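Beneath this line is the structure, given in structure tokens, with notes to follow.
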Amino acid sequence: METIAIPAINFAPIMPEVILSIFGMALLLVNVFVPSEQKAYLGYLSLGGILLTAVTVLNGWNAPVSGFSGSVLQDNFAVFFKCIFLLSGGLTILISDHYFKREGCNVGELYPLLLFATVGMMLMASGTDLMTIFLGLEVLSVSLYILAGLNRASLKSNEAGLKYFLLGAFSTGFLLYGMALTYGATGTTRVIKIAEFITQNGVVAQNPMFFIGMLLMAVGFSFKIAAAPFHMWTPDVYEGAPTPMTAFMSAGPKAAGFAAFMRVILIAFPTLKADWSALLWILAVLTMTIGNLIALNQDNIKRMLAYSSIAHAGYALVGFTAGNAEGTAGILFYMLSYAFMNIGAFAIIVLVGKKGEENNNVSDYAGFATKHPVLALAMSVFLFSLAGMPPTAGFIGKFYLFSGAIKAGYIWLAIIGVLNSAASVYYYLRVMVYMYMKNPVEEFDWMKFSAPVTLCIVIAVVGVLVPGVMPAYLLELAQKAVLL
Amino acid sequence: MSQFPLISVMTFLPLLGVVLLFFVPKQSHSVHRMLAMLVTLATFAVSLPLLTGFQSNAEFQFVEKVPWIAAGPFQMNYQVGIDGISIWLVMLTTFIMPIAILSTWTAVEEKVKEYMICLLLLEVGMLGAFVSLDLFLFYIFWEVMLIPMYFIIGIWGGKNKIYAAVKFFIYTMVGSLLMLVALVTLYFKAGGGDFNLLRFYEVGLDPATQTWMFLAFALAFAIKVPMFPLHTWLPDAHTEAPTAGSVILAAVLLKMGTYGFVRFAMPLFPDATAKFTPLFAVLSVIGIIYAALVAMVQEDVKKLVAYSSVAHLGYVMLGVFALNLQGLSGGMLQMLNHGVSTGALFLIVGFIYERRHTRLITDFGGLAKQMPVFATIFMIVTLSSIGLPGTNGFVGEFLVLLGSFESELRWYAIIGTSGVILAAVYMLWMFQRVMFGELNNPKNQTLADLNAREVALMLPLLVLIFYMGVYPTPFIDKMSPSLEKLIVHVKSRQTARAQIPQMPAPQAMPAAMMPPVESK
């Protein structure tokens, strides 16, 4: 790659993005020549791209490089998040072919778009300039709008795409306006320079423009991570979007939103911790409570997991509110575990579903354990992890998030968090009640297994159980990746 | 440290059984049963050297300590050990498990493999919780226990199983999650380091902090005990659970709550313990009386036994909060007694349910003529549950009442004593209606008496009922050093103790005087 000889520019910090973009563009071309029933090959190719990118990313561990006059920085924080994105992208690819073949809309553009979305997320994680972060966010969002509406034959999918587009554009407006105001107040878009500006001109805090800027940025990011009260788009989009894309959106982009949110808030505004902590406290409580309460009453399993994913953003916000090493490391660990458990659960939903997004109600799982005991067991592992039961990664993640809050003195926040967690148990158990304790209504004979989906489930189970029993290694990595 | 890791082998041996069971084909039910039986027997065998090798002193023994998670601020160890308090509960668990499994031989015909897996996982959780000396490790086992029990009730339970299972799960979960918050707070107050329980014992917290942390811990444990008014999950869970589930729930799982008070809540928060002693004594006594009255009017035998559990656990809590040697050792003994007697009662209910598929008292009557062996066993167990002298129940209840009478809880002891009479009323009345009278229901006229398997699984329990009733000394001897240490620990740290109005307590009975109980 050194053949591109432009001396002033160091490509190293964006090398993973470059590789993945090249793969994406190449796949767009290859796609034209692949007949529609063989689009799986594109999936394998894109997996290859993801693996290659992952190797490049992992090489950057403990070797932070910055480039483009400080507008991107690939530090451990970025590497950790990039691994989460690549993982969720990879797992999603594994379950995509199965789903889209069954739905009869085998569009090859799916894979390049997934790769572009991943590129966008990676840029968000390593962006240290508001503009870079915005650029990454747009690359991600535009790809996601299309992915959500990918199933052209389905009205719901179309609705999801359009809704996501409208509300996404709206939230982007907030974010951009916030960035503009911050720029106006501080004269820079470099995250670190904003912090320097604040320390040098201490009283800048009295400038209302600056505060409104921070607030609007927080609103924009809250849209992206689906924090209440900016969560309205989530249930409809998650329910309507093709199931693999829902899995992807709930894991990757949410983590990307947190990465950018954390980078901006923790690096640019450390001096205003008291202010943003108070703001995040309210956001966390609202997000957890609203997500869980509404999830209690959902019959569609995708919609239920959509509300649960809102609640999970709330748990992560608890760690963010704490703003200390435990809390932020907790977010990293939790986002990784969440990718495993949520995509794992969606993989099973993909398997159980019928053509036309049918069989997605919780009651359709009646007697599932009698017919498919192993799959039901895997689903239980994911659900217990989502509920935060030991010995799963979900428990360890929540433990760290709440411990961070307790250490920072937010005991009430932790108590609200655990009570929410207890309430959430009810709707996760409900799926298990149907799987194990009701008699089968259906034979589940339409279910076909395919190697990639099975692989995805196996990876997810391992990813949930191993860090649940032996979390030390991953936790150490997360500790080394925090921004503080 | 180089010694053989006896505790770990015992704790995780059932897990090996689970792994083996995965490889047994789904239809080979008898293999599943045999395998589970062998594994639990082996676990019992492994636990025996713990008992014989246990020195009667207050120290933790057979301690194992291995670093487990060391990341960031936290340092969790895999640290296990037993002392005089946990040894008997461990033994009770390993002892009751083979009996529970034998009891399901013909009762469970569906999904036998999964059933056995759940039972074995439950054993891992229970043993782990009793031997953990690391608070984080304890919490993991404590939570893990919930999952298999939830499935046992929910899959193999009765008509209302789902309601009972979910209620059981969520009740327990709410309590334990609040305990988790208190646990982490305690950790940070102790200045970080590791989660070693013995280290936390030495942390002197101010009374205000102790108050709310004690409440969080106590809520988790009180739900598990269960204490009035948090007991409502218990009758549901007991009634709906399959026989083995009820046996384990009564014999071991409820002891988690009382054990939690003795091991964690009281020594960690001595001031709060003093502050809340009156409250818990009141709740215990209400539990004793209220549960006895409710038991009296039950039409379902199993529900009656479930309510009698609440009453018995009330005695245990009263003895524990008396915080003197008689009360505590009475409470500990009563835990074991309750495990044996109520476990046996649930087995007995299981026997008749398996034969008649009903548990309503009115469906029976005159069974003694038809089933003489059953009648004899039932009578012995009933008397033991009432606490007749010569059976185990007497020793425990006597010591509890004696201990609380001599502590500041004198009046509670006096009121609690009336529960003994009530217990005799509801148990004997139930026994009379089921076993005596006319054998006029034609369905009952063909009932078969207990078979060899059923007698075999009751025999060890009967032996224990008499052994513990006549000669409880070995039990008390092994536990009293640890209990004495606990009492000294708690009382010496109660700064607020002086503020509590003291009853004029007579001279405490020396430990040497305790064994003569059997002569009564």
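Within each chain, counting starts at residue 1; across the structure tokens, chains are named A, B, ... in the order shown, with ligands numbered 1 upward in that order.
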
Q: Check every residue of chain B for an atom within 9 Å of chain A, counting only C-alpha atoms, and provide those that qualify as number ranges by chain.
A: B: 68-73, 111, 139-141, 143-144, 147, 151, 154-156, 161-162, 166, 169-171, 173-174, 177-178, 180-181, 184-185, 188

Kindly save the residues from that selection, with N, CA and C atoms included, as an mmCIF file, in the first residue's frame.
```
data_model
loop_
_atom_site.group_PDB
_atom_site.id
_atom_site.type_symbol
_atom_site.label_atom_id
_atom_site.label_comp_id
_atom_site.auth_asym_id
_atom_site.auth_seq_id
_atom_site.Cartn_x
_atom_site.Cartn_y
_atom_site.Cartn_z
ATOM 1 N N TRP B 68 -9.093 -15.005 40.280
ATOM 2 C CA TRP B 68 -10.056 -15.299 39.224
ATOM 3 C C TRP B 68 -10.143 -14.132 38.254
ATOM 4 N N ILE B 69 -10.690 -13.039 38.696
ATOM 5 C CA ILE B 69 -10.757 -11.875 37.824
ATOM 6 C C ILE B 69 -9.920 -10.791 38.469
ATOM 7 N N ALA B 70 -8.959 -10.306 37.741
ATOM 8 C CA ALA B 70 -8.186 -9.190 38.261
ATOM 9 C C ALA B 70 -8.099 -8.166 37.156
ATOM 10 N N ALA B 71 -9.090 -7.316 37.072
ATOM 11 C CA ALA B 71 -9.082 -6.321 36.010
ATOM 12 C C ALA B 71 -9.594 -5.023 36.572
ATOM 13 N N GLY B 72 -8.859 -3.980 36.274
ATOM 14 C CA GLY B 72 -9.276 -2.677 36.744
ATOM 15 C C GLY B 72 -9.234 -2.617 38.248
ATOM 16 N N PRO B 73 -10.244 -2.026 38.833
ATOM 17 C CA PRO B 73 -10.192 -1.821 40.271
ATOM 18 C C PRO B 73 -10.543 -3.091 41.031
ATOM 19 N N LYS B 111 -39.165 -35.486 29.586
ATOM 20 C CA LYS B 111 -37.944 -34.664 29.593
ATOM 21 C C LYS B 111 -37.058 -35.004 30.792
ATOM 22 N N TYR B 139 -22.302 -14.265 45.153
ATOM 23 C CA TYR B 139 -23.404 -13.669 44.408
ATOM 24 C C TYR B 139 -23.668 -14.431 43.112
ATOM 25 N N ILE B 140 -22.587 -14.834 42.448
ATOM 26 C CA ILE B 140 -22.749 -15.576 41.188
ATOM 27 C C ILE B 140 -23.522 -16.871 41.448
ATOM 28 N N PHE B 141 -23.088 -17.625 42.454
ATOM 29 C CA PHE B 141 -23.767 -18.894 42.744
ATOM 30 C C PHE B 141 -25.217 -18.649 43.161
ATOM 31 N N GLU B 143 -27.196 -16.329 42.283
ATOM 32 C CA GLU B 143 -28.043 -16.029 41.135
ATOM 33 C C GLU B 143 -28.203 -17.248 40.233
ATOM 34 N N VAL B 144 -27.116 -17.991 40.084
ATOM 35 C CA VAL B 144 -27.151 -19.141 39.185
ATOM 36 C C VAL B 144 -28.192 -20.164 39.644
ATOM 37 N N ILE B 147 -31.829 -20.138 38.070
ATOM 38 C CA ILE B 147 -32.173 -20.567 36.717
ATOM 39 C C ILE B 147 -32.711 -21.994 36.699
ATOM 40 N N PHE B 151 -36.717 -23.355 35.950
ATOM 41 C CA PHE B 151 -37.146 -24.340 34.955
ATOM 42 C C PHE B 151 -37.824 -25.530 35.616
ATOM 43 N N GLY B 154 -41.225 -24.362 36.372
ATOM 44 C CA GLY B 154 -41.969 -23.957 35.194
ATOM 45 C C GLY B 154 -42.247 -25.069 34.197
ATOM 46 N N ILE B 155 -41.366 -26.043 34.109
ATOM 47 C CA ILE B 155 -41.563 -27.084 33.106
ATOM 48 C C ILE B 155 -42.293 -28.291 33.695
ATOM 49 N N TRP B 156 -41.878 -28.702 34.896
ATOM 50 C CA TRP B 156 -42.430 -29.946 35.427
ATOM 51 C C TRP B 156 -43.453 -29.693 36.533
ATOM 52 N N LYS B 161 -48.087 -23.545 36.951
ATOM 53 C CA LYS B 161 -46.634 -23.545 37.082
ATOM 54 C C LYS B 161 -45.989 -22.264 36.589
ATOM 55 N N ILE B 162 -46.523 -21.692 35.505
ATOM 56 C CA ILE B 162 -45.839 -20.535 34.922
ATOM 57 C C ILE B 162 -45.910 -19.346 35.854
ATOM 58 N N VAL B 166 -42.493 -17.698 37.431
ATOM 59 C CA VAL B 166 -42.112 -16.313 37.169
ATOM 60 C C VAL B 166 -42.123 -15.504 38.459
ATOM 61 N N PHE B 169 -39.024 -16.295 40.387
ATOM 62 C CA PHE B 169 -37.825 -15.717 39.791
ATOM 63 C C PHE B 169 -37.742 -14.225 40.073
ATOM 64 N N ILE B 170 -38.841 -13.520 39.824
ATOM 65 C CA ILE B 170 -38.765 -12.057 39.912
ATOM 66 C C ILE B 170 -38.673 -11.596 41.359
ATOM 67 N N TYR B 171 -39.392 -12.242 42.252
ATOM 68 C CA TYR B 171 -39.266 -11.920 43.680
ATOM 69 C C TYR B 171 -37.811 -11.996 44.116
ATOM 70 N N MET B 173 -35.143 -12.132 42.327
ATOM 71 C CA MET B 173 -34.241 -11.280 41.549
ATOM 72 C C MET B 173 -34.224 -9.857 42.098
ATOM 73 N N VAL B 174 -35.381 -9.324 42.428
ATOM 74 C CA VAL B 174 -35.436 -7.943 42.932
ATOM 75 C C VAL B 174 -34.578 -7.831 44.188
ATOM 76 N N LEU B 177 -30.753 -8.213 43.400
ATOM 77 C CA LEU B 177 -30.108 -7.109 42.684
ATOM 78 C C LEU B 177 -29.841 -5.931 43.618
ATOM 79 N N LEU B 178 -30.771 -5.685 44.544
ATOM 80 C CA LEU B 178 -30.509 -4.618 45.507
ATOM 81 C C LEU B 178 -29.328 -4.992 46.391
ATOM 82 N N LEU B 180 -26.863 -6.642 45.376
ATOM 83 C CA LEU B 180 -25.670 -6.410 44.565
ATOM 84 C C LEU B 180 -25.196 -4.965 44.695
ATOM 85 N N VAL B 181 -26.149 -4.035 44.675
ATOM 86 C CA VAL B 181 -25.768 -2.620 44.820
ATOM 87 C C VAL B 181 -25.080 -2.409 46.168
ATOM 88 N N VAL B 184 -21.541 -3.886 46.175
ATOM 89 C CA VAL B 184 -20.524 -3.083 45.500
ATOM 90 C C VAL B 184 -20.198 -1.847 46.334
ATOM 91 N N THR B 185 -21.218 -1.254 46.948
ATOM 92 C CA THR B 185 -20.966 -0.100 47.810
ATOM 93 C C THR B 185 -20.044 -0.496 48.955
ATOM 94 N N PHE B 188 -16.492 -0.625 47.811
ATOM 95 C CA PHE B 188 -15.795 0.652 47.669
ATOM 96 C C PHE B 188 -15.558 1.295 49.032
#
```

Q.
When you look at B:Phe261 with a cut-off of 8 Å (counting only C-alpha atoms), what residues show up, excluding the ones that are within fewer than 4 positions of it in the same chain? I need them as a PyMOL selection string.
A. chain B and resi 218+221+257+265-266

Test item: residues at most 6 Å from A:Thr392, only C-alpha atoms, excluding those fewer than 6 positions along its chain, as a CSV table (one decimal) with N, CA and C atoms, in the first residue's frame:
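So the final result, stored in out-v6.csv, reads:
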```
chain,number,residue,atom,x,y,z
A,385,SER,N,-28.4,-13.6,29.3
A,385,SER,CA,-27.4,-12.6,29.2
A,385,SER,C,-28.0,-11.2,29.1
A,464,VAL,N,-20.8,-15.1,24.6
A,464,VAL,CA,-21.5,-14.7,25.8
A,464,VAL,C,-21.0,-15.5,27.0
A,465,LEU,N,-20.7,-16.8,26.8
A,465,LEU,CA,-20.4,-17.6,27.9
A,465,LEU,C,-19.0,-17.5,28.4
A,468,GLY,N,-18.3,-14.5,30.3
A,468,GLY,CA,-19.1,-14.6,31.5
A,468,GLY,C,-18.5,-15.3,32.6
```

Q) So which residues of stretch 81-280 of chain B fall under helix (DSSP H, G or I) by DSSP, listed as a ChimeraX atom specification? A) /B:84-103,112-131,135-144,146-156,161-189,197-201,207-224,233-240,243-268,270-280

Pick out the residues sitting within 9 Å of A:Leu147, and hand them over as a compact mmCIF listing (two decimals) with N, CA and C atoms, in the first residue's frame; count only C-alpha atoms, and ignore anything fewer than 4 positions along from it in its own chain.
```
# COMPACT_ATOMS: atom_id res chain seq x y z
N LEU A 110 -26.58 -5.43 -0.77
CA LEU A 110 -26.59 -5.56 0.67
C LEU A 110 -25.17 -5.57 1.26
N LEU A 113 -23.12 -2.36 1.02
CA LEU A 113 -23.70 -1.35 1.91
C LEU A 113 -23.32 -1.62 3.37
N LEU A 114 -23.34 -2.91 3.73
CA LEU A 114 -22.94 -3.26 5.10
C LEU A 114 -21.50 -2.84 5.34
N VAL A 142 -26.53 6.92 5.82
CA VAL A 142 -27.07 6.76 4.47
C VAL A 142 -27.14 5.27 4.11
N SER A 143 -26.08 4.53 4.47
CA SER A 143 -26.12 3.10 4.19
C SER A 143 -27.26 2.43 4.96
N ASN A 151 -35.93 -4.55 1.82
CA ASN A 151 -36.93 -5.48 1.33
C ASN A 151 -38.04 -4.70 0.63
N GLY A 161 -37.52 2.18 6.34
CA GLY A 161 -36.49 2.96 5.67
C GLY A 161 -36.82 4.44 5.66
N ALA A 241 -37.54 -3.27 9.60
CA ALA A 241 -36.34 -3.58 8.83
C ALA A 241 -36.16 -5.09 8.74
N PRO A 242 -35.50 -5.55 7.68
CA PRO A 242 -35.20 -6.98 7.59
C PRO A 242 -34.44 -7.43 8.85
N MET A 245 -30.77 -6.90 9.45
CA MET A 245 -30.42 -5.49 9.55
C MET A 245 -30.79 -4.94 10.91
```

**Q.** Minimum-distance residue to A:Ile50, chosen among A:Gly327, A:Pro452, A:Pro112, A:Gly291 (using only C-alpha atoms)
**A.**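 Among the listed residues, A:Pro112 lies closest to A:Ile50.
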
Q | Polymer residues at most 10 Å from B:Ile487, only C-alpha atoms, same-chain spacing of 5 or more positions, as an MDAnalysis selection string | A | chainID B and resid 262 266:267 270 323:325 328 481:482 492:493

Show which residues sit within 12 Å of A:Thr186, as a PDB file with N, CA and C atoms, in the first residue's frame. Count only C-alpha atoms, and ignore same-chain residues fewer than 3 positions away.
```
ATOM      1  N   MET A 179     -22.744  21.251  16.383  1.00  0.00           N
ATOM      2  CA  MET A 179     -21.327  21.359  16.026  1.00  0.00           C
ATOM      3  C   MET A 179     -21.005  22.767  15.557  1.00  0.00           C
ATOM      4  N   ALA A 180     -21.911  23.329  14.775  1.00  0.00           N
ATOM      5  CA  ALA A 180     -21.681  24.669  14.258  1.00  0.00           C
ATOM      6  C   ALA A 180     -21.607  25.682  15.401  1.00  0.00           C
ATOM      7  N   LEU A 181     -22.519  25.561  16.346  1.00  0.00           N
ATOM      8  CA  LEU A 181     -22.507  26.496  17.465  1.00  0.00           C
ATOM      9  C   LEU A 181     -21.229  26.339  18.289  1.00  0.00           C
ATOM     10  N   THR A 182     -20.820  25.085  18.488  1.00  0.00           N
ATOM     11  CA  THR A 182     -19.594  24.863  19.237  1.00  0.00           C
ATOM     12  C   THR A 182     -18.419  25.489  18.509  1.00  0.00           C
ATOM     13  N   TYR A 183     -18.427  25.326  17.202  1.00  0.00           N
ATOM     14  CA  TYR A 183     -17.364  25.936  16.409  1.00  0.00           C
ATOM     15  C   TYR A 183     -17.410  27.452  16.571  1.00  0.00           C
ATOM     16  N   THR A 189     -12.980  22.870  15.430  1.00  0.00           N
ATOM     17  CA  THR A 189     -13.782  21.654  15.427  1.00  0.00           C
ATOM     18  C   THR A 189     -12.979  20.465  15.933  1.00  0.00           C
ATOM     19  N   ARG A 190     -11.691  20.678  16.196  1.00  0.00           N
ATOM     20  CA  ARG A 190     -10.879  19.610  16.773  1.00  0.00           C
ATOM     21  C   ARG A 190     -11.335  19.357  18.216  1.00  0.00           C
ATOM     22  N   VAL A 191     -11.630  18.114  18.511  1.00  0.00           N
ATOM     23  CA  VAL A 191     -12.166  17.805  19.837  1.00  0.00           C
ATOM     24  C   VAL A 191     -11.218  18.252  20.942  1.00  0.00           C
ATOM     25  N   ILE A 192      -9.938  17.945  20.740  1.00  0.00           N
ATOM     26  CA  ILE A 192      -8.984  18.238  21.805  1.00  0.00           C
ATOM     27  C   ILE A 192      -8.774  19.743  21.948  1.00  0.00           C
ATOM     28  N   LYS A 193      -8.876  20.461  20.803  1.00  0.00           N
ATOM     29  CA  LYS A 193      -8.671  21.913  20.838  1.00  0.00           C
ATOM     30  C   LYS A 193      -9.819  22.603  21.586  1.00  0.00           C
ATOM     31  N   ILE A 194     -11.005  22.002  21.488  1.00  0.00           N
ATOM     32  CA  ILE A 194     -12.137  22.572  22.218  1.00  0.00           C
ATOM     33  C   ILE A 194     -11.836  22.548  23.708  1.00  0.00           C
ATOM     34  N   ALA A 195     -11.306  21.397  24.156  1.00  0.00           N
ATOM     35  CA  ALA A 195     -10.959  21.286  25.573  1.00  0.00           C
ATOM     36  C   ALA A 195      -9.895  22.313  25.936  1.00  0.00           C
ATOM     37  N   GLU A 196      -8.895  22.468  25.069  1.00  0.00           N
ATOM     38  CA  GLU A 196      -7.835  23.446  25.341  1.00  0.00           C
ATOM     39  C   GLU A 196      -8.414  24.852  25.418  1.00  0.00           C
ATOM     40  N   PHE A 197      -9.321  25.125  24.491  1.00  0.00           N
ATOM     41  CA  PHE A 197      -9.928  26.446  24.459  1.00  0.00           C
ATOM     42  C   PHE A 197     -10.667  26.732  25.771  1.00  0.00           C
ATOM     43  N   ILE A 198     -11.339  25.686  26.269  1.00  0.00           N
ATOM     44  CA  ILE A 198     -12.097  25.888  27.508  1.00  0.00           C
ATOM     45  C   ILE A 198     -11.155  26.135  28.680  1.00  0.00           C
ATOM     46  N   THR A 199     -10.078  25.361  28.744  1.00  0.00           N
ATOM     47  CA  THR A 199      -9.164  25.563  29.874  1.00  0.00           C
ATOM     48  C   THR A 199      -8.499  26.935  29.788  1.00  0.00           C
ATOM     49  N   GLN A 200      -8.199  27.387  28.572  1.00  0.00           N
ATOM     50  CA  GLN A 200      -7.525  28.684  28.453  1.00  0.00           C
ATOM     51  C   GLN A 200      -8.484  29.837  28.742  1.00  0.00           C
ATOM     52  N   ASN A 201      -9.679  29.745  28.232  1.00  0.00           N
ATOM     53  CA  ASN A 201     -10.645  30.824  28.440  1.00  0.00           C
ATOM     54  C   ASN A 201     -11.744  30.330  29.374  1.00  0.00           C
ATOM     55  N   GLY A 202     -11.353  30.096  30.601  1.00  0.00           N
ATOM     56  CA  GLY A 202     -12.246  29.443  31.564  1.00  0.00           C
ATOM     57  C   GLY A 202     -13.682  29.932  31.534  1.00  0.00           C
ATOM     58  N   VAL A 203     -13.880  31.220  31.337  1.00  0.00           N
ATOM     59  CA  VAL A 203     -15.228  31.759  31.466  1.00  0.00           C
ATOM     60  C   VAL A 203     -16.081  31.523  30.229  1.00  0.00           C
ATOM     61  N   VAL A 204     -15.512  30.820  29.245  1.00  0.00           N
ATOM     62  CA  VAL A 204     -16.279  30.577  28.034  1.00  0.00           C
ATOM     63  C   VAL A 204     -17.603  29.890  28.369  1.00  0.00           C
ATOM     64  N   ALA A 205     -17.577  29.238  29.534  1.00  0.00           N
ATOM     65  CA  ALA A 205     -18.767  28.494  29.931  1.00  0.00           C
ATOM     66  C   ALA A 205     -19.978  29.394  30.057  1.00  0.00           C
ATOM     67  N   ASN A 207     -20.819  31.531  27.938  1.00  0.00           N
ATOM     68  CA  ASN A 207     -21.355  31.805  26.612  1.00  0.00           C
ATOM     69  C   ASN A 207     -22.510  30.858  26.314  1.00  0.00           C
ATOM     70  N   PRO A 208     -23.723  31.345  26.212  1.00  0.00           N
ATOM     71  CA  PRO A 208     -24.856  30.432  26.003  1.00  0.00           C
ATOM     72  C   PRO A 208     -24.730  29.639  24.708  1.00  0.00           C
ATOM     73  N   MET A 209     -24.109  30.240  23.692  1.00  0.00           N
ATOM     74  CA  MET A 209     -23.945  29.564  22.412  1.00  0.00           C
ATOM     75  C   MET A 209     -23.232  28.228  22.587  1.00  0.00           C
ATOM     76  N   PHE A 210     -22.239  28.272  23.445  1.00  0.00           N
ATOM     77  CA  PHE A 210     -21.429  27.108  23.697  1.00  0.00           C
ATOM     78  C   PHE A 210     -22.253  25.994  24.355  1.00  0.00           C
ATOM     79  N   PHE A 211     -23.064  26.408  25.345  1.00  0.00           N
ATOM     80  CA  PHE A 211     -23.880  25.417  26.043  1.00  0.00           C
ATOM     81  C   PHE A 211     -24.924  24.802  25.132  1.00  0.00           C
ATOM     82  N   GLY A 213     -24.694  24.552  22.036  1.00  0.00           N
ATOM     83  CA  GLY A 213     -23.960  23.674  21.120  1.00  0.00           C
ATOM     84  C   GLY A 213     -23.768  22.296  21.723  1.00  0.00           C
ATOM     85  N   MET A 214     -23.316  22.258  22.957  1.00  0.00           N
ATOM     86  CA  MET A 214     -23.097  20.962  23.605  1.00  0.00           C
ATOM     87  C   MET A 214     -24.407  20.204  23.740  1.00  0.00           C
ATOM     88  N   ALA A 268     -13.677  16.607  24.885  1.00  0.00           N
ATOM     89  CA  ALA A 268     -13.855  18.042  24.668  1.00  0.00           C
ATOM     90  C   ALA A 268     -14.355  18.759  25.912  1.00  0.00           C
ATOM     91  N   PHE A 269     -15.173  18.096  26.703  1.00  0.00           N
ATOM     92  CA  PHE A 269     -15.802  18.815  27.812  1.00  0.00           C
ATOM     93  C   PHE A 269     -15.511  18.209  29.185  1.00  0.00           C
TER      94      PHE A 269
END
```

Q | Shell around stretch 31-35 of chain A at 10 Å using only C-alpha atoms, local window under 5 positions removed, as a list in words | A | Met25, Ala26, Ala40, Tyr41, Leu42, Asn106, Val107, Gly108, Glu109, Leu110, Tyr111 and Pro112 of chain A

Q. Which residue out of A:Met217, A:Met262, A:Ala481, A:Met232 has the minimum interatomic distance to A:Trp61 when only C-alpha atoms are used?
A. A:Ala481

Q | Top pick for closest residue to A:Asp97, considering A:Ala347, A:Val482, A:Leu413, A:Leu137 and counting only C-alpha atoms | A |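 Among A:Ala347, A:Val482, A:Leu413, A:Leu137, it is A:Ala347 that comes nearest to A:Asp97.
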